[in-house]
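Source file: start29.cif. Holds: mmCIF, C-alpha atoms.
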```cif
data_work
#
loop_
_atom_site.label_atom_id
_atom_site.label_comp_id
_atom_site.auth_asym_id
_atom_site.auth_seq_id
_atom_site.Cartn_x
_atom_site.Cartn_y
_atom_site.Cartn_z
CA MET L 1 35.49 -109.48 70.71
CA ARG L 2 38.77 -110.75 69.30
CA ARG L 3 37.22 -110.89 65.88
CA PHE L 4 36.10 -107.24 66.25
CA ARG L 5 39.59 -106.10 67.24
CA PHE L 6 41.04 -107.95 64.25
CA LEU L 7 38.60 -106.20 61.89
CA CYS L 8 39.44 -102.76 63.31
CA LEU L 9 43.14 -103.41 62.93
CA ALA L 10 42.71 -104.64 59.37
CA LEU L 11 40.79 -101.46 58.51
CA VAL L 12 43.49 -99.22 59.97
CA VAL L 13 46.21 -101.03 58.01
CA LEU L 14 44.46 -101.45 54.66
CA LEU L 15 42.36 -98.28 54.25
CA PRO L 16 45.09 -95.69 53.49
CA PRO L 17 46.61 -97.60 50.52
CA MET L 18 43.13 -98.33 49.15
CA ALA L 19 42.16 -94.68 49.44
CA SER L 20 45.18 -93.64 47.48
CA VAL L 21 44.34 -96.15 44.73
CA LEU L 22 40.76 -94.90 44.55
CA ALA L 23 41.89 -91.26 44.38
CA GLY L 24 43.93 -91.92 41.23
CA PRO L 25 47.29 -90.41 40.41
CA ARG L 26 48.18 -87.58 42.72
CA SER L 27 50.22 -85.52 40.38
CA TYR L 28 49.28 -84.13 36.96
CA ASN L 29 51.54 -82.50 34.49
CA LEU L 30 49.87 -79.10 34.83
CA GLU L 31 51.78 -76.62 32.72
CA GLN L 32 51.86 -73.35 34.55
CA ALA L 33 52.11 -71.22 31.37
CA VAL L 34 48.73 -70.41 29.80
CA PRO L 35 48.72 -71.46 26.15
CA PRO L 36 48.54 -68.47 23.77
CA VAL L 37 45.17 -67.62 22.26
CA ILE L 38 45.50 -68.16 18.54
CA GLN L 39 43.61 -65.45 16.70
CA ASP L 40 42.12 -66.06 13.28
CA ARG L 41 43.73 -63.14 11.50
CA ALA L 42 41.43 -63.59 8.50
CA ALA L 43 38.53 -62.66 10.77
CA ILE L 44 40.23 -59.53 12.01
CA VAL L 45 39.09 -56.24 10.52
CA PRO L 46 42.11 -54.54 8.93
CA CYS L 47 42.52 -50.81 9.45
CA THR L 48 40.27 -48.92 7.06
CA VAL L 49 39.72 -45.18 7.10
CA THR L 50 36.62 -43.99 5.25
CA PHE L 51 36.23 -40.38 4.15
CA LEU L 52 33.06 -38.70 2.97
CA VAL L 53 33.72 -36.30 0.10
CA GLU L 54 31.20 -34.16 -1.76
CA ASP L 55 31.11 -32.55 -5.17
CA THR L 56 29.05 -29.46 -4.32
CA ALA L 57 28.43 -28.75 -8.01
CA ASN L 58 25.90 -31.57 -8.09
CA GLY L 59 25.65 -32.83 -4.49
CA ASP L 60 27.30 -36.19 -5.23
CA LEU L 61 28.67 -37.83 -2.07
CA PHE L 62 31.52 -40.35 -2.26
CA ALA L 63 32.62 -42.64 0.57
CA GLN L 64 36.28 -43.31 -0.17
CA ARG L 65 37.79 -46.17 1.81
CA ILE L 66 41.52 -46.39 2.33
CA ARG L 67 42.96 -49.61 3.74
CA ILE L 68 46.17 -49.46 5.70
CA ALA L 69 48.12 -52.69 6.01
CA THR L 70 49.46 -53.29 9.50
CA GLY L 71 52.03 -55.82 10.63
CA ASP L 72 51.17 -59.44 11.43
CA GLY L 73 52.31 -58.93 14.99
CA ASP L 74 50.05 -55.94 15.62
CA PRO L 75 47.53 -56.61 18.33
CA ALA L 76 43.84 -56.58 17.53
CA VAL L 77 41.32 -55.16 19.98
CA ASP L 78 37.83 -56.62 19.71
CA GLY L 79 38.81 -58.14 16.37
CA ARG L 80 39.92 -54.81 14.92
CA LEU L 81 43.45 -53.81 14.05
CA SER L 82 44.44 -50.36 15.21
CA CYS L 83 45.08 -47.64 12.65
CA PRO L 84 48.59 -46.13 12.69
CA THR L 85 48.11 -42.51 13.68
CA ASP L 86 51.18 -41.26 11.83
CA VAL L 87 49.60 -42.13 8.47
CA LEU L 88 46.21 -40.52 9.08
CA PRO L 89 47.13 -36.90 8.26
CA ARG L 90 48.44 -38.00 4.86
CA LEU L 91 45.19 -39.62 3.71
CA PRO L 92 42.71 -36.76 3.06
CA SER L 93 44.21 -35.56 -0.22
CA PHE L 94 44.11 -39.09 -1.66
CA ALA L 95 40.50 -39.50 -0.56
CA ARG L 96 39.52 -36.22 -2.20
CA ASP L 97 40.87 -37.44 -5.55
CA VAL L 98 37.74 -39.55 -5.96
CA CYS L 99 35.95 -36.28 -6.63
CA THR L 100 38.64 -34.14 -8.25
CA LEU L 101 39.22 -36.75 -10.96
CA ARG L 102 35.56 -36.45 -11.93
CA ALA L 103 34.69 -32.83 -11.30
CA ALA L 104 34.73 -30.07 -13.90
CA ASP L 105 36.08 -27.72 -11.24
CA LYS L 106 38.30 -29.26 -8.53
CA ASN L 107 37.32 -26.49 -6.14
CA THR L 108 33.83 -27.94 -5.85
CA CYS L 109 35.30 -31.09 -4.24
CA VAL L 110 35.20 -30.72 -0.47
CA PHE L 111 35.15 -32.84 2.69
CA ALA L 112 31.66 -33.52 3.98
CA ASP L 113 32.12 -32.25 7.53
CA MET L 114 31.52 -28.54 7.12
CA THR L 115 31.62 -25.46 9.28
CA ARG L 116 28.64 -23.16 9.58
CA ALA L 117 30.34 -20.69 7.22
CA PHE L 118 30.36 -23.21 4.39
CA ALA L 119 26.84 -22.41 3.18
CA ALA L 120 27.84 -18.80 2.56
CA ARG L 121 31.40 -19.55 1.44
CA PRO L 122 31.58 -23.04 -0.05
CA GLU L 123 35.34 -23.45 0.08
CA ILE L 124 37.46 -26.38 1.15
CA GLY L 125 38.87 -24.22 3.96
CA ASN L 126 35.43 -24.34 5.54
CA THR L 127 35.52 -28.12 5.79
CA THR L 128 37.36 -30.37 8.24
CA PRO L 129 39.04 -33.42 6.67
CA LEU L 130 39.79 -35.24 9.89
CA SER L 131 36.17 -34.94 11.06
CA SER L 132 34.98 -36.22 7.67
CA GLN L 133 36.40 -39.67 8.37
CA CYS L 134 35.63 -42.72 10.47
CA ARG L 135 38.23 -45.35 11.39
CA SER L 136 37.52 -49.06 11.55
CA ASP L 137 39.36 -49.44 14.86
CA THR L 138 36.85 -47.19 16.59
CA ALA L 139 33.67 -47.37 14.50
CA ALA L 140 31.81 -49.69 12.16
CA TYR L 141 29.66 -47.05 10.45
CA LEU L 142 30.03 -43.54 9.11
CA GLY L 143 26.91 -41.40 9.23
CA ALA L 144 26.17 -38.07 7.59
CA ALA L 145 23.41 -35.62 8.42
CA CYS L 146 22.77 -32.72 6.08
CA TRP L 147 20.48 -29.93 5.04
CA MET L 148 20.03 -29.09 1.38
CA ASN L 149 21.24 -25.75 0.07
CA GLY L 150 20.10 -25.96 -3.55
CA VAL L 151 21.75 -29.04 -5.08
CA ALA L 152 24.55 -29.03 -2.51
CA ALA L 153 24.23 -30.88 0.78
CA ILE L 154 25.57 -29.05 3.84
CA CYS L 155 26.67 -31.89 6.09
CA ASN L 156 28.38 -33.09 9.20
CA VAL L 157 29.76 -36.52 9.87
CA GLY L 158 29.46 -38.87 12.85
CA CYS L 159 30.88 -42.31 13.59
CA GLY L 160 29.33 -45.22 15.50
CA ASN L 161 29.27 -48.93 15.98
CA SER L 162 25.76 -49.22 14.57
CA ILE L 163 23.93 -47.33 11.84
CA GLN L 164 21.70 -45.66 14.40
CA GLU L 165 24.65 -44.63 16.56
CA ALA L 166 26.48 -43.13 13.57
CA LEU L 167 23.37 -41.29 12.43
CA ASN L 168 22.65 -39.96 15.90
CA ALA L 169 26.23 -38.70 16.19
CA ALA L 170 26.03 -37.03 12.78
CA ARG L 171 22.65 -35.44 13.50
CA ALA L 172 23.80 -34.13 16.86
CA ARG L 173 26.97 -32.68 15.35
CA CYS L 174 25.10 -31.14 12.42
CA GLN L 175 22.53 -29.57 14.71
CA GLN L 176 25.28 -28.18 16.92
CA VAL L 177 27.57 -26.91 14.14
CA GLN L 178 24.95 -25.70 11.69
CA GLY L 179 22.49 -24.45 14.29
CA ARG L 180 19.55 -26.04 12.53
CA SER L 181 17.99 -29.42 11.92
CA CYS L 182 19.64 -31.67 9.37
CA PRO L 183 16.88 -33.89 7.99
CA ALA L 184 18.80 -35.62 5.21
CA SER L 185 20.94 -38.55 6.27
CA VAL L 186 22.81 -41.62 5.18
CA ALA L 187 25.11 -44.26 6.70
CA VAL L 188 27.79 -46.48 5.19
CA ALA L 189 29.91 -49.30 6.58
CA VAL L 190 33.46 -48.17 7.31
CA SER L 191 35.09 -51.43 6.22
CA GLU L 192 34.63 -53.68 3.25
CA PRO L 193 32.90 -55.96 2.60
CA ASP L 194 29.66 -54.15 3.14
CA VAL L 195 27.43 -55.76 5.65
CA SER L 196 23.72 -55.48 5.14
CA PRO L 197 22.16 -54.59 8.45
CA PRO L 198 18.41 -54.16 8.73
CA PRO L 199 17.20 -50.85 7.33
CA VAL L 200 16.68 -47.99 9.73
CA PRO L 201 13.55 -45.86 9.23
CA GLY L 202 14.45 -42.54 7.74
CA ALA L 203 17.94 -43.51 6.74
CA ARG L 204 19.18 -45.01 3.57
CA GLN L 205 22.22 -47.21 3.56
CA ALA L 206 24.46 -46.61 0.66
CA GLY L 207 24.73 -49.31 -1.89
CA ARG L 208 26.67 -49.83 -5.04
CA MET P 1 -13.40 -58.42 30.69
CA ARG P 2 -14.04 -54.84 31.79
CA PRO P 3 -11.40 -54.83 34.58
CA LEU P 4 -8.85 -56.00 32.01
CA LEU P 5 -9.54 -53.12 29.66
CA PRO P 6 -7.27 -50.56 31.39
CA LEU P 7 -4.52 -53.16 31.48
CA LEU P 8 -4.70 -53.43 27.70
CA VAL P 9 -5.32 -49.78 26.85
CA VAL P 10 -2.75 -48.15 29.14
CA PRO P 11 0.30 -49.93 27.68
CA LEU P 12 -0.96 -49.16 24.18
CA LEU P 13 -1.30 -45.47 25.05
CA LEU P 14 2.14 -45.43 26.64
CA ALA P 15 3.64 -47.11 23.57
CA ALA P 16 1.97 -44.57 21.28
CA LYS P 17 3.29 -41.72 23.43
CA ALA P 18 6.79 -43.16 23.38
CA THR P 19 6.68 -43.46 19.60
CA ALA P 20 5.51 -39.86 19.29
CA ALA P 21 8.31 -38.71 21.59
CA GLN P 22 11.02 -40.24 19.40
CA PRO P 23 12.83 -37.90 17.02
CA ALA P 24 11.10 -37.55 13.71
CA PRO P 25 12.59 -39.77 11.02
CA ALA P 26 14.73 -38.10 8.40
CA ASP P 27 12.64 -36.79 5.55
CA THR P 28 15.30 -37.02 2.88
CA ASN P 29 17.51 -39.90 1.92
CA LEU P 30 20.93 -39.13 0.58
CA ARG P 31 22.83 -41.35 -1.75
CA VAL P 32 26.48 -42.16 -1.28
CA PHE P 33 28.62 -43.62 -4.05
CA LEU P 34 31.19 -46.25 -3.15
CA PRO P 35 34.27 -46.17 -5.35
CA PRO P 36 36.81 -49.01 -5.08
CA ALA P 37 38.89 -48.92 -1.92
CA LEU P 38 42.41 -47.55 -2.01
CA GLU P 39 45.40 -49.15 -0.29
CA TRP P 40 48.03 -47.20 1.54
CA ASN P 41 51.54 -47.99 0.38
CA LYS P 42 54.01 -47.55 3.23
CA ARG P 43 57.00 -47.48 0.90
CA THR P 44 55.80 -44.83 -1.55
CA LEU P 45 53.58 -42.98 0.95
CA THR P 46 50.72 -42.96 -1.52
CA ALA P 47 47.25 -44.47 -1.69
CA ARG P 48 46.50 -46.46 -4.80
CA ARG P 49 43.72 -48.69 -6.06
CA GLY P 50 43.59 -51.91 -4.06
CA THR P 51 41.33 -54.14 -6.14
CA GLN P 52 42.21 -55.73 -9.43
CA GLN P 53 39.94 -54.50 -12.20
CA GLY P 54 40.19 -54.69 -15.95
CA THR P 55 38.27 -54.01 -19.13
CA ALA P 56 36.11 -57.07 -18.47
CA ASP P 57 34.70 -55.28 -15.43
CA LEU P 58 33.80 -52.34 -17.63
CA ALA P 59 32.23 -54.58 -20.29
CA GLN P 60 30.12 -56.29 -17.63
CA ILE P 61 28.24 -53.11 -16.72
CA ASN P 62 28.55 -51.46 -20.12
CA ALA P 63 26.48 -53.68 -22.44
CA GLY P 64 29.65 -55.48 -23.48
CA LEU P 65 31.33 -52.31 -24.77
CA THR P 66 34.91 -51.36 -24.04
CA PHE P 67 36.98 -48.39 -25.08
CA GLY P 68 38.85 -48.64 -28.36
CA MET P 69 36.08 -50.57 -30.14
CA THR P 70 35.39 -49.54 -33.73
CA PRO P 71 31.99 -48.11 -34.71
CA GLU P 72 31.23 -51.43 -36.41
CA GLN P 73 31.99 -53.40 -33.22
CA VAL P 74 29.88 -51.06 -31.11
CA ALA P 75 27.01 -51.21 -33.59
CA ALA P 76 27.14 -55.00 -33.60
CA ALA P 77 26.79 -55.09 -29.82
CA LEU P 78 23.75 -52.81 -29.70
CA PRO P 79 20.22 -53.58 -30.83
CA GLY P 80 18.62 -51.56 -33.63
CA THR P 81 21.86 -50.11 -35.02
CA PRO P 82 22.30 -49.88 -38.81
CA PRO P 83 24.79 -52.57 -39.90
CA GLU P 84 26.52 -50.26 -42.40
CA LEU P 85 27.68 -47.88 -39.63
CA ASN P 86 31.39 -47.00 -39.83
CA TRP P 87 33.83 -44.18 -39.13
CA TYR P 88 33.22 -42.54 -42.52
CA ASN P 89 29.47 -42.18 -42.21
CA LEU P 90 29.39 -40.93 -38.60
CA ARG P 91 28.52 -37.32 -37.77
CA SER P 92 31.22 -34.94 -36.59
CA ALA P 93 31.15 -33.68 -33.01
CA ARG P 94 32.23 -30.04 -33.10
CA ASP P 95 32.92 -29.64 -29.38
CA TYR P 96 36.33 -31.28 -29.61
CA PRO P 97 39.71 -29.93 -30.74
CA ILE P 98 40.45 -33.07 -32.78
CA GLU P 99 38.32 -35.12 -35.14
CA VAL P 100 35.61 -36.79 -33.09
CA ARG P 101 32.60 -38.55 -34.62
CA TYR P 102 29.51 -40.02 -33.07
CA PHE P 103 26.19 -41.72 -33.44
CA TRP P 104 23.34 -41.86 -30.98
CA LEU P 105 20.47 -44.12 -29.97
CA ARG P 106 17.39 -43.46 -27.88
CA LEU P 107 17.86 -44.57 -24.29
CA ASP P 108 14.49 -46.33 -24.40
CA ASP P 109 15.88 -48.57 -27.17
CA LEU P 110 18.85 -49.69 -25.07
CA PRO P 111 17.52 -52.12 -22.46
CA ALA P 112 20.95 -52.75 -20.92
CA TRP P 113 21.00 -49.18 -19.60
CA ARG P 114 17.30 -48.34 -19.53
CA SER P 115 16.68 -51.23 -17.13
CA GLN P 116 19.08 -49.64 -14.60
CA ILE P 117 16.75 -46.65 -14.25
CA LYS P 118 13.94 -47.35 -11.82
CA GLY P 119 11.73 -44.37 -12.71
CA CYS P 120 11.07 -42.38 -15.84
CA ALA P 121 13.94 -41.37 -18.13
CA GLY P 122 12.48 -38.78 -20.53
CA GLN P 123 11.23 -39.86 -23.95
CA SER P 124 13.84 -37.82 -25.85
CA SER P 125 16.78 -38.97 -23.76
CA TYR P 126 19.55 -40.59 -25.76
CA VAL P 127 23.02 -42.10 -25.59
CA ALA P 128 25.82 -40.74 -27.76
CA PHE P 129 28.76 -42.99 -28.68
CA LEU P 130 31.83 -40.90 -29.45
CA PHE P 131 34.86 -42.04 -31.41
CA THR P 132 38.26 -40.84 -32.44
CA ILE P 133 40.01 -42.57 -35.31
CA ARG P 134 41.39 -44.94 -32.64
CA GLY P 135 37.96 -46.08 -31.51
CA LEU P 136 35.29 -45.53 -28.85
CA PHE P 137 36.44 -43.11 -26.15
CA ARG P 138 33.21 -41.84 -24.55
CA ILE P 139 29.63 -42.87 -23.92
CA SER P 140 27.46 -39.90 -23.07
CA PHE P 141 24.02 -40.34 -21.51
CA ARG P 142 21.95 -37.20 -22.18
CA LEU P 143 18.74 -37.15 -20.23
CA LEU P 144 16.22 -34.60 -21.45
CA PRO P 145 13.21 -33.71 -19.32
CA ASP P 146 9.67 -33.56 -20.64
CA ALA P 147 6.21 -33.02 -19.22
CA ALA P 148 5.91 -36.63 -18.10
CA CYS P 149 9.38 -36.67 -16.58
CA PRO P 150 10.36 -33.20 -15.39
CA SER P 151 13.18 -34.27 -13.04
CA LEU P 152 15.89 -36.64 -14.19
CA THR P 153 18.33 -36.42 -11.31
CA THR P 154 17.37 -39.84 -9.95
CA ALA P 155 17.67 -41.39 -13.41
CA ALA P 156 21.14 -39.86 -13.81
CA LEU P 157 22.20 -41.18 -10.41
CA ASP P 158 20.94 -44.66 -11.35
CA LEU P 159 23.10 -44.61 -14.48
CA PHE P 160 26.09 -43.09 -12.72
CA ALA P 161 26.21 -45.43 -9.69
CA PRO P 162 27.57 -48.65 -11.31
CA TYR P 163 30.35 -46.78 -13.08
CA VAL P 164 31.62 -45.24 -9.82
CA THR P 165 32.51 -48.76 -8.68
CA LEU P 166 35.12 -48.84 -11.45
CA ALA P 167 38.54 -47.39 -10.76
CA PRO P 168 39.20 -44.14 -12.65
CA ASP P 169 41.99 -45.80 -14.62
CA ILE P 170 39.41 -48.22 -16.09
CA ALA P 171 36.62 -45.72 -16.83
CA LEU P 172 36.18 -42.15 -15.74
CA SER P 173 32.57 -41.39 -14.83
CA THR P 174 31.31 -37.81 -14.54
CA ARG P 175 27.89 -36.34 -13.89
CA TYR P 176 26.83 -32.78 -14.65
CA ARG P 177 24.02 -30.61 -15.93
CA SER P 178 23.88 -28.86 -19.27
CA GLY P 179 20.90 -26.54 -19.41
CA PRO P 180 17.87 -28.64 -18.50
CA ALA P 181 19.70 -31.88 -19.39
CA GLU P 182 21.30 -34.28 -16.94
CA VAL P 183 24.47 -35.75 -18.41
CA VAL P 184 26.50 -38.80 -17.40
CA ASP P 185 29.73 -39.27 -19.35
CA ILE P 186 31.80 -42.45 -19.23
CA THR P 187 35.22 -41.70 -20.70
CA ASP P 188 38.35 -43.62 -21.56
CA PRO P 189 41.04 -42.47 -19.08
CA ALA P 190 43.54 -42.66 -21.96
CA ALA P 191 41.63 -39.95 -23.84
CA ALA P 192 43.85 -37.31 -22.21
CA ALA P 193 42.96 -33.86 -23.58
CA LEU P 194 39.42 -34.94 -24.49
CA ILE P 195 38.52 -35.85 -20.89
CA PRO P 196 37.60 -32.40 -19.55
CA ILE P 197 35.45 -31.46 -22.52
CA ARG P 198 31.78 -31.38 -21.56
CA TRP P 199 28.74 -31.50 -23.75
CA GLN P 200 27.04 -28.14 -24.12
CA MET P 201 23.39 -28.49 -24.93
CA ASP P 202 22.42 -26.40 -27.92
CA PRO P 203 20.06 -23.78 -26.46
CA THR P 204 17.96 -23.86 -29.62
#
```

Structure rendered as structure tokens:
Amino acid sequence: MRRFRFLCLALVVLLPPMASVLAGPRSYNLEQAVPPVIQDRAAIVPCTVTFLVEDTANGDLFAQRIRIATGDGDPAVDGRLSCPTDVLPRLPSFARDVCTLRAADKNTCVFADMTRAFAARPEIGNTTPLSSQCRSDTAAYLGAACWMNGVAAICNVGCGNSIQEALNAARARCQQVQGRSCPASVAVAVSEPDVSPPPVPGARQAGR
Amino acid sequence: MRPLLPLLVVPLLLAAKATAAQPAPADTNLRVFLPPALEWNKRTLTARRGTQQGTADLAQINAGLTFGMTPEQVAAALPGTPPELNWYNLRSARDYPIEVRYFWLRLDDLPAWRSQIKGCAGQSSYVAFLFTIRGLFRISFRLLPDAACPSLTTAALDLFAPYVTLAPDIALSTRYRSGPAEVVDITDPAAAALIPIRWQMDPT
């Protein structure tokens, strides 16, 4: 009985220090501040605005990309840098130059998102420059859906994060604006370099 | 096996119905040309060419030819060209306000360009090389339809496409029709007053 008492006493005295040794150090140097996430800026898509411009004299469509450099400190959302909105209204005339430099008559160079009146009066006033563009901070692809009026394509433009989404947006807009089906279509990547996604039936991806 | 038959057939029928219910695929494919990207300059508030290109980029897609070459240099670079060709024995091109001379070769005899065209190109189609006294300033592809090749729009687009990838200050590419002919002109941007002049097909 004495031996039993001695064992119980020894346990009571020795166990707490042993437990603390087995548990390891009780304090860690846990920094409360969360370390910053370092983004690979090379992998970030810079702001690119792509316009679709048409020479209605021959139906040639040009996708003119314009890159806008943004500051190193600008935040990226989903790996895409935002496009500065103050610059956007200045871009259409530069995009249209891709056509006017080549065309015999500058008046045949128009933006590819057209009103319903365009077929009867093919003037630049019947096109909408800001709807003829897609921005890389909101879309990966620009789609166009058109109907053919002689050699000229009467089109509307849609943007999306996949080829199919861009084409669906363009077709829906064309059907709504033109009041008819728009069976001709195409999609291009908004940003360079061009990615080569799998082909979509009924749509041709532009290539160089 | 018989009890399994509906299990196999019904999903197949449903899949077929679903396919039929999808919107019809587009029946026409458009082609979009991709010129070099521009870069917005915050300081000057202008958009200018972003990529570095030079005459080597033109030569690469242009059978080794660059603007400013003499008729002898152009002839040496092309197969089947008479070696004695020079400025003095070239024909005069009357469409221009200054002295412009040219020679031409059948497109079928120029594999560097003919190979870019996937379909037919018209047996009479040819390429005109136009010079001022300062050298080559324009290459003009003139595609002429015939019974075997009544439409040359696709051929013209095939020729036009690679040149659009060049900045307009390296080579200015234009595409137009002249009568039944499809024309693609590649012009030296330094040619100034000669740039807007288009070939008019002789109606006779």

Contact set, chain P to chain L: 8 Å, only C-alpha atoms, as a list in words: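 Using only C-alpha atoms, chain P residues at most 8 Å from chain L: Pro25, Ala26, Asp27, Thr28, Asn29, Leu30, Arg31, Val32, Phe33, Leu34, Pro35, Pro36, Ala37, Leu38, Glu39, Trp40, Asn41, Thr46, Ala47, Ala161, Pro162, Thr165, Pro168, Leu172, Ser173, Thr174, Arg175, Tyr176 and Pro196 of chain P.
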
Name the residues that the PyMOL selection byres ((chain P and resi 71) around 9) pulls out of this structure, and write them as a PDB file with C-alpha atoms, keeping the file's coordinate frame.
```
ATOM      1  CA  MET P  69      36.080 -50.570 -30.140  1.00  0.00           C
ATOM      2  CA  THR P  70      35.390 -49.540 -33.730  1.00  0.00           C
ATOM      3  CA  GLU P  72      31.230 -51.430 -36.410  1.00  0.00           C
ATOM      4  CA  GLN P  73      31.990 -53.400 -33.220  1.00  0.00           C
ATOM      5  CA  VAL P  74      29.880 -51.060 -31.110  1.00  0.00           C
ATOM      6  CA  ALA P  75      27.010 -51.210 -33.590  1.00  0.00           C
ATOM      7  CA  ALA P  76      27.140 -55.000 -33.600  1.00  0.00           C
ATOM      8  CA  LEU P  85      27.680 -47.880 -39.630  1.00  0.00           C
ATOM      9  CA  ASN P  86      31.390 -47.000 -39.830  1.00  0.00           C
ATOM     10  CA  TRP P  87      33.830 -44.180 -39.130  1.00  0.00           C
ATOM     11  CA  LEU P  90      29.390 -40.930 -38.600  1.00  0.00           C
ATOM     12  CA  TYR P 102      29.510 -40.020 -33.070  1.00  0.00           C
ATOM     13  CA  PHE P 103      26.190 -41.720 -33.440  1.00  0.00           C
ATOM     14  CA  PHE P 129      28.760 -42.990 -28.680  1.00  0.00           C
ATOM     15  CA  LEU P 130      31.830 -40.900 -29.450  1.00  0.00           C
ATOM     16  CA  PHE P 131      34.860 -42.040 -31.410  1.00  0.00           C
ATOM     17  CA  GLY P 135      37.960 -46.080 -31.510  1.00  0.00           C
ATOM     18  CA  LEU P 136      35.290 -45.530 -28.850  1.00  0.00           C
TER      19      LEU P 136
END
```

Pairwise distance for atom CA of Cys109 of chain L and atom CA of Ile124 of chain L, rounded to one decimal in Å: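 Rounded to one decimal, the two atoms are 7.5 Å apart.
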
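Ranking P:Arg49, P:Arg94, P:Arg134, P:Lys118 by their shortest atom-to-atom distance to Ile197 of chain P, with all atoms listed in the file included, puts P:Arg94 first.
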
May I have the residues at most 12 Å from (28.3, -48.1, 15.8) in the file's coordinates, counting all atoms listed in the file, as a PDB file with C-alpha atoms, keeping the file's coordinate frame?
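Listing of selection.pdb after writing:
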```pdb
ATOM      1  CA  CYS L 134      35.630 -42.720  10.470  1.00  0.00           C
ATOM      2  CA  ARG L 135      38.230 -45.350  11.390  1.00  0.00           C
ATOM      3  CA  SER L 136      37.520 -49.060  11.550  1.00  0.00           C
ATOM      4  CA  ASP L 137      39.360 -49.440  14.860  1.00  0.00           C
ATOM      5  CA  THR L 138      36.850 -47.190  16.590  1.00  0.00           C
ATOM      6  CA  ALA L 139      33.670 -47.370  14.500  1.00  0.00           C
ATOM      7  CA  ALA L 140      31.810 -49.690  12.160  1.00  0.00           C
ATOM      8  CA  TYR L 141      29.660 -47.050  10.450  1.00  0.00           C
ATOM      9  CA  LEU L 142      30.030 -43.540   9.110  1.00  0.00           C
ATOM     10  CA  GLY L 143      26.910 -41.400   9.230  1.00  0.00           C
ATOM     11  CA  GLY L 158      29.460 -38.870  12.850  1.00  0.00           C
ATOM     12  CA  CYS L 159      30.880 -42.310  13.590  1.00  0.00           C
ATOM     13  CA  GLY L 160      29.330 -45.220  15.500  1.00  0.00           C
ATOM     14  CA  ASN L 161      29.270 -48.930  15.980  1.00  0.00           C
ATOM     15  CA  SER L 162      25.760 -49.220  14.570  1.00  0.00           C
ATOM     16  CA  ILE L 163      23.930 -47.330  11.840  1.00  0.00           C
ATOM     17  CA  GLN L 164      21.700 -45.660  14.400  1.00  0.00           C
ATOM     18  CA  GLU L 165      24.650 -44.630  16.560  1.00  0.00           C
ATOM     19  CA  ALA L 166      26.480 -43.130  13.570  1.00  0.00           C
ATOM     20  CA  LEU L 167      23.370 -41.290  12.430  1.00  0.00           C
ATOM     21  CA  ASN L 168      22.650 -39.960  15.900  1.00  0.00           C
ATOM     22  CA  ALA L 169      26.230 -38.700  16.190  1.00  0.00           C
ATOM     23  CA  ALA L 170      26.030 -37.030  12.780  1.00  0.00           C
ATOM     24  CA  ALA L 187      25.110 -44.260   6.700  1.00  0.00           C
ATOM     25  CA  VAL L 188      27.790 -46.480   5.190  1.00  0.00           C
ATOM     26  CA  ALA L 189      29.910 -49.300   6.580  1.00  0.00           C
ATOM     27  CA  VAL L 190      33.460 -48.170   7.310  1.00  0.00           C
ATOM     28  CA  PRO L 197      22.160 -54.590   8.450  1.00  0.00           C
TER      29      PRO L 197
END
```

12 Å contact set for Asp95 of chain P, only C-alpha atoms, chain neighbours under 4 positions out, as an NGL selection string: :P and (99-102 or 130 or 194-202)

So that I can check the surroundings of Arg106 of chain P, please list as a compact mmCIF listing (two decimals) with C-alpha atoms, keeping the file's coordinate frame every protein, DNA and RNA residue that reaches within 8 Å of it, counting only C-alpha atoms and ignoring chain neighbours fewer than 2 positions away.
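The file below, around.txt, is the result:
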```txt
# COMPACT_ATOMS: atom_id res chain seq x y z
CA TRP P 104 23.34 -41.86 -30.98
CA ASP P 108 14.49 -46.33 -24.40
CA ASP P 109 15.88 -48.57 -27.17
CA LEU P 110 18.85 -49.69 -25.07
CA SER P 124 13.84 -37.82 -25.85
CA SER P 125 16.78 -38.97 -23.76
CA TYR P 126 19.55 -40.59 -25.76
CA VAL P 127 23.02 -42.10 -25.59
```

L:Phe118, L:Leu88, L:Asp55, L:Val157 ranked by distance to Lys106 of chain L, top pick (using only C-alpha atoms):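 Once distances to Lys106 of chain L are computed over only C-alpha atoms, the minimum belongs to L:Asp55.
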
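Going from atom CA of Ala112 of chain L over to atom CA of Thr154 of chain P, you cover 20.9 Å.
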